[in-house]
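J.: The structure is given below, and queries will be raised subsequently.
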Amino acid sequence: MEFALVESESFSPSCPTLIMPALSIGNVGQLAVDLLISSARARRVAYLDEPSVLPCAGNDAFGPDAVGDLALALEAYESTSHRLAFIQQRSPVITGMMVSFAKNVADFISSIGKNHIVIISSLDSGKRRVIDASSDMQVYYLSSCNEDGSDPEYEKLGWKKLEDYNPSHKRWSYLASLVEGGALSEDMDNDTDEMTINDYYVSLPFAALFSACKAKGLKVSCVLCYCSEGDNMPESFQLAEAICKLLGHDLEKFHGNGPNGWIVPLSWKSVYGPPPDMSIF
(Lines give C-alpha, C1' and ligand atoms only; values in the text may rest on other atoms or scores of the structure.)
Protein backbone atom coordinates (compact mmCIF):
# COMPACT_ATOMS: atom_id res chain seq x y z
CA MET A 1 0.00 0.00 0.00
CA GLU A 2 1.31 3.41 -0.98
CA PHE A 3 0.21 6.78 0.33
CA ALA A 4 0.45 10.48 -0.50
CA LEU A 5 0.56 12.87 2.42
CA VAL A 6 -1.59 15.97 2.34
CA GLU A 7 0.59 19.07 2.10
CA SER A 8 2.09 20.04 5.49
CA GLU A 9 0.69 16.89 7.15
CA SER A 10 2.36 13.79 8.62
CA PHE A 11 1.40 10.79 10.72
CA SER A 12 1.60 11.79 14.36
CA PRO A 13 3.09 9.53 17.07
CA SER A 14 0.63 11.13 19.49
CA CYS A 15 -2.24 9.24 17.80
CA PRO A 16 -1.43 5.59 18.66
CA THR A 17 -4.95 4.18 18.22
CA LEU A 18 -6.35 3.71 14.73
CA ILE A 19 -10.04 3.14 13.99
CA MET A 20 -11.27 1.76 10.66
CA PRO A 21 -14.34 0.04 9.21
CA ALA A 22 -14.67 -3.42 7.76
CA LEU A 23 -17.27 -3.20 5.00
CA SER A 24 -20.37 -5.26 5.63
CA ILE A 25 -24.17 -5.19 5.66
CA GLY A 26 -25.73 -1.77 6.13
CA ASN A 27 -22.37 0.05 5.92
CA VAL A 28 -22.54 0.52 9.69
CA GLY A 29 -18.76 0.52 10.13
CA GLN A 30 -18.28 3.23 7.50
CA LEU A 31 -21.08 5.35 8.95
CA ALA A 32 -19.68 5.09 12.48
CA VAL A 33 -16.18 6.05 11.29
CA ASP A 34 -17.66 9.01 9.37
CA LEU A 35 -19.41 10.14 12.55
CA LEU A 36 -16.25 9.83 14.66
CA ILE A 37 -14.07 11.65 12.10
CA SER A 38 -16.58 14.48 11.80
CA SER A 39 -17.20 14.82 15.55
CA ALA A 40 -13.49 14.65 16.42
CA ARG A 41 -12.83 17.30 13.73
CA ALA A 42 -10.06 15.05 12.46
CA ARG A 43 -7.80 16.33 9.69
CA ARG A 44 -7.18 14.38 6.51
CA VAL A 45 -3.47 13.55 6.54
CA ALA A 46 -3.06 11.16 3.60
CA TYR A 47 -4.61 9.53 0.55
CA LEU A 48 -3.97 5.78 0.45
CA ASP A 49 -3.46 3.79 -2.74
CA GLU A 50 -4.29 0.09 -2.50
CA PRO A 51 -4.59 -1.99 -5.73
CA SER A 52 -7.15 -4.36 -4.19
CA VAL A 53 -9.69 -1.58 -3.48
CA LEU A 54 -11.97 -0.39 -6.27
CA PRO A 55 -11.38 3.29 -7.09
CA CYS A 56 -14.02 5.90 -6.40
CA ALA A 57 -14.28 9.67 -5.99
CA GLY A 58 -16.92 11.94 -4.54
CA ASN A 59 -17.50 15.38 -3.10
CA ASP A 60 -16.18 16.45 0.30
CA ALA A 61 -17.64 14.08 2.89
CA PHE A 62 -17.41 16.32 5.94
CA GLY A 63 -18.04 19.89 4.92
CA PRO A 64 -19.41 22.05 6.42
CA ASP A 65 -19.99 23.00 2.78
CA ALA A 66 -19.58 20.99 -0.42
CA VAL A 67 -16.71 22.93 -1.98
CA GLY A 68 -15.50 20.27 -4.42
CA ASP A 69 -12.70 18.85 -2.24
CA LEU A 70 -12.54 15.27 -3.51
CA ALA A 71 -13.01 12.28 -1.22
CA LEU A 72 -11.31 9.09 -2.46
CA ALA A 73 -11.63 5.38 -1.79
CA LEU A 74 -9.10 5.17 1.06
CA GLU A 75 -8.07 8.09 3.25
CA ALA A 76 -6.30 8.56 6.57
CA TYR A 77 -7.33 11.12 9.19
CA GLU A 78 -5.97 12.11 12.60
CA SER A 79 -7.19 14.08 15.61
CA THR A 80 -4.27 14.90 17.88
CA SER A 81 -6.61 16.39 20.49
CA HIS A 82 -8.32 13.00 20.81
CA ARG A 83 -5.12 11.00 20.17
CA LEU A 84 -6.92 9.05 17.44
CA ALA A 85 -6.18 8.10 13.84
CA PHE A 86 -8.72 6.83 11.32
CA ILE A 87 -8.79 5.06 7.99
CA GLN A 88 -11.98 5.52 6.00
CA GLN A 89 -12.78 3.06 3.22
CA ARG A 90 -15.48 4.10 0.76
CA SER A 91 -15.43 1.30 -1.81
CA PRO A 92 -15.22 -2.49 -1.63
CA VAL A 93 -12.27 -4.81 -2.04
CA ILE A 94 -12.02 -6.66 -5.36
CA THR A 95 -13.40 -10.19 -5.08
CA GLY A 96 -10.71 -12.67 -4.09
CA MET A 97 -8.29 -10.04 -2.79
CA MET A 98 -9.49 -9.62 0.80
CA VAL A 99 -6.54 -11.45 2.37
CA SER A 100 -4.07 -9.41 0.31
CA PHE A 101 -5.86 -6.22 1.36
CA ALA A 102 -5.83 -7.20 5.03
CA LYS A 103 -2.11 -8.01 4.97
CA ASN A 104 -1.30 -4.72 3.24
CA VAL A 105 -3.38 -2.78 5.75
CA ALA A 106 -1.64 -4.49 8.68
CA ASP A 107 1.79 -3.78 7.18
CA PHE A 108 0.88 -0.14 6.57
CA ILE A 109 -0.53 0.41 10.06
CA SER A 110 2.56 -1.15 11.61
CA SER A 111 4.84 1.02 9.46
CA ILE A 112 3.26 4.28 10.66
CA GLY A 113 3.60 3.33 14.33
CA LYS A 114 0.02 2.67 15.41
CA ASN A 115 -0.28 0.14 18.24
CA HIS A 116 -4.02 -0.45 18.76
CA ILE A 117 -6.35 -1.12 15.85
CA VAL A 118 -10.12 -0.93 16.35
CA ILE A 119 -12.21 -2.43 13.54
CA ILE A 120 -15.91 -1.50 13.37
CA SER A 121 -18.28 -3.71 11.43
CA SER A 122 -21.74 -5.24 11.23
CA LEU A 123 -23.24 -8.70 11.02
CA ASP A 124 -26.34 -9.93 9.20
CA SER A 125 -29.18 -10.16 11.72
CA GLY A 126 -30.56 -13.08 9.73
CA LYS A 127 -27.52 -15.13 10.78
CA ARG A 128 -27.85 -14.71 14.52
CA ARG A 129 -28.64 -17.84 16.50
CA VAL A 130 -30.29 -16.21 19.52
CA ILE A 131 -32.68 -13.28 19.19
CA ASP A 132 -32.19 -10.67 21.91
CA ALA A 133 -35.62 -9.21 22.65
CA SER A 134 -34.28 -6.28 24.67
CA SER A 135 -34.59 -2.78 23.23
CA ASP A 136 -30.87 -2.05 23.55
CA MET A 137 -28.51 -2.98 20.75
CA GLN A 138 -26.06 -5.65 21.90
CA VAL A 139 -22.42 -4.94 21.12
CA TYR A 140 -20.19 -7.91 20.28
CA TYR A 141 -16.42 -7.94 20.21
CA LEU A 142 -13.24 -9.81 19.42
CA SER A 143 -9.92 -8.99 21.03
CA SER A 144 -6.35 -10.12 20.51
CA CYS A 145 -5.87 -9.97 24.29
CA ASN A 146 -6.50 -13.71 24.62
CA GLU A 147 -6.20 -16.53 22.10
CA ASP A 148 -9.94 -17.26 22.27
CA GLY A 149 -10.79 -13.63 21.43
CA SER A 150 -12.02 -12.75 24.93
CA ASP A 151 -11.14 -9.69 26.96
CA PRO A 152 -12.37 -9.12 30.54
CA GLU A 153 -12.21 -5.34 30.10
CA TYR A 154 -14.74 -5.52 27.28
CA GLU A 155 -17.00 -7.78 29.30
CA LYS A 156 -17.13 -5.04 31.95
CA LEU A 157 -18.69 -2.77 29.32
CA GLY A 158 -21.55 -5.25 28.95
CA TRP A 159 -20.33 -6.50 25.58
CA LYS A 160 -20.40 -10.13 24.49
CA LYS A 161 -17.60 -11.99 22.76
CA LEU A 162 -18.58 -13.20 19.32
CA GLU A 163 -19.31 -16.81 20.22
CA ASP A 164 -18.69 -18.09 16.72
CA TYR A 165 -15.03 -17.12 16.83
CA ASN A 166 -13.05 -20.31 17.28
CA PRO A 167 -9.37 -20.07 16.26
CA SER A 168 -9.10 -23.87 16.26
CA HIS A 169 -11.95 -24.25 13.74
CA LYS A 170 -10.50 -25.32 10.40
CA ARG A 171 -11.65 -22.26 8.47
CA TRP A 172 -10.39 -19.79 11.07
CA SER A 173 -7.12 -21.74 11.14
CA TYR A 174 -6.99 -21.66 7.34
CA LEU A 175 -7.49 -17.88 7.36
CA ALA A 176 -4.72 -17.46 9.93
CA SER A 177 -2.45 -19.57 7.73
CA LEU A 178 -3.25 -17.45 4.65
CA VAL A 179 -2.44 -14.12 6.33
CA GLU A 180 0.84 -15.62 7.53
CA GLY A 181 1.79 -16.53 3.97
CA GLY A 182 0.35 -20.03 3.66
CA ALA A 183 -0.76 -21.47 0.32
CA LEU A 184 -4.33 -21.54 -0.96
CA SER A 185 -6.05 -24.88 -0.56
CA GLU A 186 -8.36 -26.08 -3.32
CA ASP A 187 -9.84 -28.63 -0.95
CA MET A 188 -10.81 -25.92 1.50
CA ASP A 189 -12.20 -23.57 -1.13
CA ASN A 190 -14.32 -26.34 -2.67
CA ASP A 191 -15.50 -27.76 0.66
CA THR A 192 -19.07 -26.46 0.65
CA ASP A 193 -20.74 -29.60 2.01
CA GLU A 194 -19.73 -28.85 5.57
CA MET A 195 -20.40 -25.10 5.55
CA THR A 196 -21.78 -23.94 8.90
CA ILE A 197 -22.82 -20.62 10.44
CA ASN A 198 -19.23 -20.30 11.66
CA ASP A 199 -18.13 -20.07 8.04
CA TYR A 200 -20.28 -16.96 7.54
CA TYR A 201 -18.29 -14.99 10.11
CA VAL A 202 -14.86 -16.11 8.92
CA SER A 203 -15.77 -15.05 5.37
CA LEU A 204 -16.39 -11.43 6.36
CA PRO A 205 -13.83 -8.62 5.92
CA PHE A 206 -13.48 -8.02 9.67
CA ALA A 207 -12.18 -11.58 10.10
CA ALA A 208 -9.36 -11.10 7.59
CA LEU A 209 -8.40 -7.71 9.05
CA PHE A 210 -8.46 -9.08 12.60
CA SER A 211 -6.35 -12.11 11.65
CA ALA A 212 -3.82 -10.05 9.66
CA CYS A 213 -3.32 -7.44 12.41
CA LYS A 214 -3.04 -10.19 15.03
CA ALA A 215 -0.45 -12.04 12.91
CA LYS A 216 1.51 -8.77 12.65
CA GLY A 217 1.69 -8.59 16.43
CA LEU A 218 -0.62 -5.59 16.69
CA LYS A 219 -3.20 -5.14 19.42
CA VAL A 220 -6.50 -5.40 17.58
CA SER A 221 -10.15 -5.23 18.59
CA CYS A 222 -13.34 -5.73 16.60
CA VAL A 223 -16.52 -3.95 17.67
CA LEU A 224 -19.59 -5.49 16.03
CA CYS A 225 -23.37 -5.38 15.97
CA TYR A 226 -26.16 -7.17 14.13
CA CYS A 227 -28.31 -5.23 11.71
CA SER A 228 -30.39 -5.47 8.53
CA GLU A 229 -30.18 -3.45 5.33
CA GLY A 230 -31.95 -0.10 5.51
CA ASP A 231 -31.40 3.17 7.33
CA ASN A 232 -28.63 2.14 9.72
CA MET A 233 -27.90 5.50 11.30
CA PRO A 234 -29.13 4.35 14.75
CA GLU A 235 -26.62 1.49 14.78
CA SER A 236 -23.82 3.80 13.68
CA PHE A 237 -24.56 6.26 16.48
CA GLN A 238 -24.57 3.46 19.04
CA LEU A 239 -21.34 1.89 17.76
CA ALA A 240 -19.65 5.30 17.78
CA GLU A 241 -20.67 5.70 21.42
CA ALA A 242 -19.37 2.18 22.11
CA ILE A 243 -15.98 3.16 20.67
CA CYS A 244 -15.84 6.19 22.98
CA LYS A 245 -16.52 3.95 25.97
CA LEU A 246 -13.94 1.42 24.85
CA LEU A 247 -11.22 4.03 24.54
CA GLY A 248 -12.18 5.87 27.71
CA HIS A 249 -13.20 9.06 25.92
CA ASP A 250 -15.74 11.36 27.49
CA LEU A 251 -18.66 11.52 25.08
CA GLU A 252 -18.83 15.26 25.65
CA LYS A 253 -15.40 15.60 24.02
CA PHE A 254 -16.89 14.30 20.79
CA HIS A 255 -20.26 15.98 20.97
CA GLY A 256 -20.78 19.19 19.07
CA ASN A 257 -23.83 21.37 18.62
CA GLY A 258 -25.36 19.14 15.97
CA PRO A 259 -28.44 16.90 16.30
CA ASN A 260 -28.11 14.23 18.99
CA GLY A 261 -24.90 15.89 20.16
CA TRP A 262 -22.75 14.45 17.35
CA ILE A 263 -21.45 16.46 14.40
CA VAL A 264 -23.27 14.78 11.52
CA PRO A 265 -21.16 14.54 8.32
CA LEU A 266 -22.21 16.59 5.33
CA SER A 267 -22.33 13.44 3.20
CA TRP A 268 -25.15 11.99 5.33
CA LYS A 269 -27.51 14.89 4.88
CA SER A 270 -28.06 14.44 1.14
CA VAL A 271 -28.56 10.68 1.50
CA TYR A 272 -30.41 10.21 4.78
CA GLY A 273 -31.84 13.63 5.56
CA PRO A 274 -31.99 14.81 9.18
CA PRO A 275 -30.54 12.26 11.65
CA PRO A 276 -32.94 10.32 13.89
CA ASP A 277 -33.82 11.27 17.44
CA MET A 278 -31.54 8.85 19.30
CA SER A 279 -33.46 9.31 22.54
CA ILE A 280 -36.09 6.86 21.26
CA PHE A 281 -33.55 4.03 20.73
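Numbering starts fresh at 1 for the residues of each chain in the C-alpha coordinates, the chains themselves are lettered A, B, ... in the order given, and ligands are numbered from 1 as they appear.
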I need the alpha helix (DSSP H) residues of stretch 93-138 of chain A per DSSP on the backbone, written as a ChimeraX atom specification.

T.: /A:98-111

J.: To one decimal place in Å, what is the distance between atom CA of A:Pro205 and atom CA of A:Arg44?

T.: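 These atoms are spaced 23.9 Å apart.
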
J.: How far is it from atom CA of A:Phe108 to atom CA of A:Ser121, in Å with one decimal?

T.: 20.1 Å

J.: Which residues are near A:Cys15? Cut-off 12 Å, only C-alpha atoms, ignore same chain within fewer than 6 positions. Put them as a list in words.

T.: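 Neighbouring residues, sequence-local ones excluded: Ala42, Ala76, Tyr77, Glu78, Ser79, Thr80, Ser81, His82, Arg83, Leu84, Ala85, Phe86, Ile109, Ile112, Gly113, Lys114, Asn115, His116 and Ile117 of chain A.
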
J.: The selected residues should be written to file as a PDB file, in the first residue's frame (atoms: N, CA, C and O atoms).

T.:
```
ATOM      1  N   ALA A  42     -11.355  15.599  12.892  1.00  0.00           N
ATOM      2  CA  ALA A  42     -10.065  15.047  12.456  1.00  0.00           C
ATOM      3  C   ALA A  42      -9.651  15.650  11.116  1.00  0.00           C
ATOM      4  O   ALA A  42     -10.492  15.974  10.267  1.00  0.00           O
ATOM      5  N   ALA A  76      -6.706   8.605   5.170  1.00  0.00           N
ATOM      6  CA  ALA A  76      -6.300   8.564   6.574  1.00  0.00           C
ATOM      7  C   ALA A  76      -6.542   9.925   7.208  1.00  0.00           C
ATOM      8  O   ALA A  76      -6.289  10.970   6.589  1.00  0.00           O
ATOM      9  N   TYR A  77      -7.037   9.903   8.428  1.00  0.00           N
ATOM     10  CA  TYR A  77      -7.332  11.116   9.191  1.00  0.00           C
ATOM     11  C   TYR A  77      -6.714  10.984  10.574  1.00  0.00           C
ATOM     12  O   TYR A  77      -6.516   9.871  11.087  1.00  0.00           O
ATOM     13  N   GLU A  78      -6.462  12.127  11.228  1.00  0.00           N
ATOM     14  CA  GLU A  78      -5.973  12.114  12.603  1.00  0.00           C
ATOM     15  C   GLU A  78      -6.569  13.282  13.380  1.00  0.00           C
ATOM     16  O   GLU A  78      -6.818  14.360  12.823  1.00  0.00           O
ATOM     17  N   SER A  79      -6.777  13.036  14.664  1.00  0.00           N
ATOM     18  CA  SER A  79      -7.187  14.077  15.606  1.00  0.00           C
ATOM     19  C   SER A  79      -6.219  14.017  16.773  1.00  0.00           C
ATOM     20  O   SER A  79      -6.329  13.129  17.630  1.00  0.00           O
ATOM     21  N   THR A  80      -5.257  14.930  16.806  1.00  0.00           N
ATOM     22  CA  THR A  80      -4.266  14.901  17.880  1.00  0.00           C
ATOM     23  C   THR A  80      -4.898  15.240  19.227  1.00  0.00           C
ATOM     24  O   THR A  80      -4.438  14.770  20.262  1.00  0.00           O
ATOM     25  N   SER A  81      -5.962  16.045  19.226  1.00  0.00           N
ATOM     26  CA  SER A  81      -6.611  16.390  20.491  1.00  0.00           C
ATOM     27  C   SER A  81      -7.306  15.190  21.121  1.00  0.00           C
ATOM     28  O   SER A  81      -7.474  15.129  22.340  1.00  0.00           O
ATOM     29  N   HIS A  82      -7.703  14.223  20.306  1.00  0.00           N
ATOM     30  CA  HIS A  82      -8.321  13.002  20.808  1.00  0.00           C
ATOM     31  C   HIS A  82      -7.352  11.813  20.797  1.00  0.00           C
ATOM     32  O   HIS A  82      -7.719  10.716  21.192  1.00  0.00           O
ATOM     33  N   ARG A  83      -6.150  12.034  20.261  1.00  0.00           N
ATOM     34  CA  ARG A  83      -5.119  10.995  20.168  1.00  0.00           C
ATOM     35  C   ARG A  83      -5.614   9.798  19.337  1.00  0.00           C
ATOM     36  O   ARG A  83      -5.339   8.645  19.662  1.00  0.00           O
ATOM     37  N   LEU A  84      -6.327  10.096  18.259  1.00  0.00           N
ATOM     38  CA  LEU A  84      -6.922   9.053  17.438  1.00  0.00           C
ATOM     39  C   LEU A  84      -6.562   9.247  15.969  1.00  0.00           C
ATOM     40  O   LEU A  84      -6.497  10.369  15.468  1.00  0.00           O
ATOM     41  N   ALA A  85      -6.342   8.125  15.290  1.00  0.00           N
ATOM     42  CA  ALA A  85      -6.179   8.097  13.842  1.00  0.00           C
ATOM     43  C   ALA A  85      -7.316   7.273  13.249  1.00  0.00           C
ATOM     44  O   ALA A  85      -7.913   6.426  13.927  1.00  0.00           O
ATOM     45  N   PHE A  86      -7.623   7.529  11.999  1.00  0.00           N
ATOM     46  CA  PHE A  86      -8.717   6.831  11.319  1.00  0.00           C
ATOM     47  C   PHE A  86      -8.293   6.476   9.898  1.00  0.00           C
ATOM     48  O   PHE A  86      -7.556   7.225   9.254  1.00  0.00           O
ATOM     49  N   ILE A 109      -0.263  -0.096   8.714  1.00  0.00           N
ATOM     50  CA  ILE A 109      -0.529   0.412  10.062  1.00  0.00           C
ATOM     51  C   ILE A 109       0.693   0.235  10.953  1.00  0.00           C
ATOM     52  O   ILE A 109       1.053   1.132  11.727  1.00  0.00           O
ATOM     53  N   ILE A 112       3.461   2.894  10.227  1.00  0.00           N
ATOM     54  CA  ILE A 112       3.264   4.280  10.662  1.00  0.00           C
ATOM     55  C   ILE A 112       3.164   4.389  12.184  1.00  0.00           C
ATOM     56  O   ILE A 112       2.834   5.451  12.718  1.00  0.00           O
ATOM     57  N   GLY A 113       3.432   3.273  12.882  1.00  0.00           N
ATOM     58  CA  GLY A 113       3.598   3.330  14.326  1.00  0.00           C
ATOM     59  C   GLY A 113       2.335   3.287  15.158  1.00  0.00           C
ATOM     60  O   GLY A 113       2.365   3.680  16.334  1.00  0.00           O
ATOM     61  N   LYS A 114       1.232   2.794  14.612  1.00  0.00           N
ATOM     62  CA  LYS A 114       0.018   2.666  15.413  1.00  0.00           C
ATOM     63  C   LYS A 114       0.067   1.345  16.181  1.00  0.00           C
ATOM     64  O   LYS A 114       0.534   0.328  15.662  1.00  0.00           O
ATOM     65  N   ASN A 115      -0.426   1.343  17.424  1.00  0.00           N
ATOM     66  CA  ASN A 115      -0.284   0.137  18.236  1.00  0.00           C
ATOM     67  C   ASN A 115      -1.595  -0.460  18.738  1.00  0.00           C
ATOM     68  O   ASN A 115      -1.591  -1.477  19.424  1.00  0.00           O
ATOM     69  N   HIS A 116      -2.725   0.159  18.444  1.00  0.00           N
ATOM     70  CA  HIS A 116      -4.023  -0.454  18.758  1.00  0.00           C
ATOM     71  C   HIS A 116      -4.966  -0.175  17.603  1.00  0.00           C
ATOM     72  O   HIS A 116      -5.222   0.977  17.263  1.00  0.00           O
ATOM     73  N   ILE A 117      -5.463  -1.232  17.003  1.00  0.00           N
ATOM     74  CA  ILE A 117      -6.354  -1.120  15.852  1.00  0.00           C
ATOM     75  C   ILE A 117      -7.755  -1.508  16.295  1.00  0.00           C
ATOM     76  O   ILE A 117      -7.960  -2.573  16.882  1.00  0.00           O
TER      77      ILE A 117
END
```

J.: DSSP on the backbone: which residues in stretch 83-262 of chain A end up as strand (DSSP E)? Give the answer as a PyMOL selection string.

T.: chain A and resi 84-89+116-124+140-143+160-161+219-227

J.: When you look at A:Leu142 with a cut-off of 6 Å (counting only C-alpha atoms), what residues show up, excluding the ones that are within fewer than 3 positions of it in the same chain? I need them as a PyMOL selection string.

T.: chain A and resi 149+161+221-222

J.: Keeping only all heavy atoms, take the residues you just selected and write them out as a tab-separated table (two decimals), in the first residue's frame.

T.:
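The resulting out_13.tsv:
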```tsv
chain	number	residue	atom	x	y	z
A	149	GLY	N	-10.10	-14.86	21.83
A	149	GLY	CA	-10.79	-13.63	21.43
A	149	GLY	C	-11.45	-12.89	22.56
A	149	GLY	O	-12.05	-11.84	22.34
A	161	LYS	N	-18.53	-11.48	23.77
A	161	LYS	CA	-17.60	-11.99	22.76
A	161	LYS	C	-18.38	-12.69	21.66
A	161	LYS	O	-19.37	-13.36	21.93
A	161	LYS	CB	-16.61	-12.98	23.40
A	161	LYS	CG	-15.38	-13.26	22.54
A	161	LYS	CD	-14.72	-14.58	22.88
A	161	LYS	CE	-15.37	-15.69	22.09
A	161	LYS	NZ	-14.67	-16.98	22.20
A	221	SER	N	-8.82	-4.98	18.05
A	221	SER	CA	-10.15	-5.23	18.59
A	221	SER	C	-11.17	-5.07	17.47
A	221	SER	O	-11.02	-4.19	16.62
A	221	SER	CB	-10.49	-4.24	19.72
A	221	SER	OG	-9.45	-4.15	20.66
A	222	CYS	N	-12.20	-5.89	17.49
A	222	CYS	CA	-13.34	-5.73	16.60
A	222	CYS	C	-14.56	-5.37	17.43
A	222	CYS	O	-14.82	-6.01	18.46
A	222	CYS	CB	-13.63	-7.01	15.81
A	222	CYS	SG	-12.34	-7.49	14.65
```

J.: Can you tell me which residues surround A:Tyr141 at a distance of at most 8 Å, considering only C-alpha atoms, apart from same-chain residues fewer than 2 positions away, and format the answer as a PyMOL selection string?

T.: chain A and resi 139+143+154+159-162+221-224

J.: Filtering to N, CA, C and O atoms, could you give me those residues as a PDB file, in the first residue's frame?

T.:
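The file below, result06.pdb, is the result:
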```pdb
ATOM      1  N   VAL A 139     -23.721  -5.077  21.764  1.00  0.00           N
ATOM      2  CA  VAL A 139     -22.421  -4.938  21.117  1.00  0.00           C
ATOM      3  C   VAL A 139     -21.638  -6.230  21.308  1.00  0.00           C
ATOM      4  O   VAL A 139     -21.595  -6.783  22.416  1.00  0.00           O
ATOM      5  N   SER A 143     -11.128  -9.666  20.567  1.00  0.00           N
ATOM      6  CA  SER A 143      -9.921  -8.992  21.027  1.00  0.00           C
ATOM      7  C   SER A 143      -8.735  -9.925  20.877  1.00  0.00           C
ATOM      8  O   SER A 143      -8.851 -11.144  21.040  1.00  0.00           O
ATOM      9  N   TYR A 154     -13.591  -5.749  28.150  1.00  0.00           N
ATOM     10  CA  TYR A 154     -14.737  -5.516  27.277  1.00  0.00           C
ATOM     11  C   TYR A 154     -16.008  -6.100  27.891  1.00  0.00           C
ATOM     12  O   TYR A 154     -17.096  -5.561  27.698  1.00  0.00           O
ATOM     13  N   TRP A 159     -20.405  -5.924  26.916  1.00  0.00           N
ATOM     14  CA  TRP A 159     -20.326  -6.500  25.581  1.00  0.00           C
ATOM     15  C   TRP A 159     -20.185  -8.019  25.666  1.00  0.00           C
ATOM     16  O   TRP A 159     -19.758  -8.567  26.686  1.00  0.00           O
ATOM     17  N   LYS A 160     -20.520  -8.677  24.564  1.00  0.00           N
ATOM     18  CA  LYS A 160     -20.401 -10.132  24.489  1.00  0.00           C
ATOM     19  C   LYS A 160     -19.373 -10.518  23.426  1.00  0.00           C
ATOM     20  O   LYS A 160     -19.367  -9.946  22.338  1.00  0.00           O
ATOM     21  N   LYS A 161     -18.534 -11.485  23.765  1.00  0.00           N
ATOM     22  CA  LYS A 161     -17.603 -11.992  22.765  1.00  0.00           C
ATOM     23  C   LYS A 161     -18.376 -12.689  21.659  1.00  0.00           C
ATOM     24  O   LYS A 161     -19.373 -13.364  21.931  1.00  0.00           O
ATOM     25  N   LEU A 162     -17.938 -12.508  20.428  1.00  0.00           N
ATOM     26  CA  LEU A 162     -18.580 -13.199  19.315  1.00  0.00           C
ATOM     27  C   LEU A 162     -18.369 -14.696  19.494  1.00  0.00           C
ATOM     28  O   LEU A 162     -17.251 -15.207  19.336  1.00  0.00           O
ATOM     29  N   SER A 221      -8.819  -4.977  18.049  1.00  0.00           N
ATOM     30  CA  SER A 221     -10.149  -5.227  18.591  1.00  0.00           C
ATOM     31  C   SER A 221     -11.169  -5.066  17.474  1.00  0.00           C
ATOM     32  O   SER A 221     -11.021  -4.188  16.623  1.00  0.00           O
ATOM     33  N   CYS A 222     -12.196  -5.895  17.489  1.00  0.00           N
ATOM     34  CA  CYS A 222     -13.340  -5.734  16.595  1.00  0.00           C
ATOM     35  C   CYS A 222     -14.559  -5.371  17.434  1.00  0.00           C
ATOM     36  O   CYS A 222     -14.819  -6.007  18.459  1.00  0.00           O
ATOM     37  N   VAL A 223     -15.294  -4.367  17.004  1.00  0.00           N
ATOM     38  CA  VAL A 223     -16.523  -3.948  17.670  1.00  0.00           C
ATOM     39  C   VAL A 223     -17.647  -4.143  16.659  1.00  0.00           C
ATOM     40  O   VAL A 223     -17.627  -3.540  15.573  1.00  0.00           O
ATOM     41  N   LEU A 224     -18.624  -4.977  17.003  1.00  0.00           N
ATOM     42  CA  LEU A 224     -19.585  -5.487  16.031  1.00  0.00           C
ATOM     43  C   LEU A 224     -21.020  -5.359  16.548  1.00  0.00           C
ATOM     44  O   LEU A 224     -21.262  -5.358  17.758  1.00  0.00           O
TER      45      LEU A 224
END
```

J.: Can you list, as a list in words, every protein, DNA or RNA residue that comes within 9 Å of A:Glu9 when you count only C-alpha atoms, leaving out same-chain residues fewer than 5 positions away?

T.: Arg43, Arg44, Val45 and Ala46 of chain A

J.: Could you state the separation of atom CA of A:Asp250 and atom CA of A:Val28 in Å, given to one decimal place?

T.: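 Taking atom CA of A:Asp250 as the start and atom CA of A:Val28 as the end point, the length is 21.9 Å.
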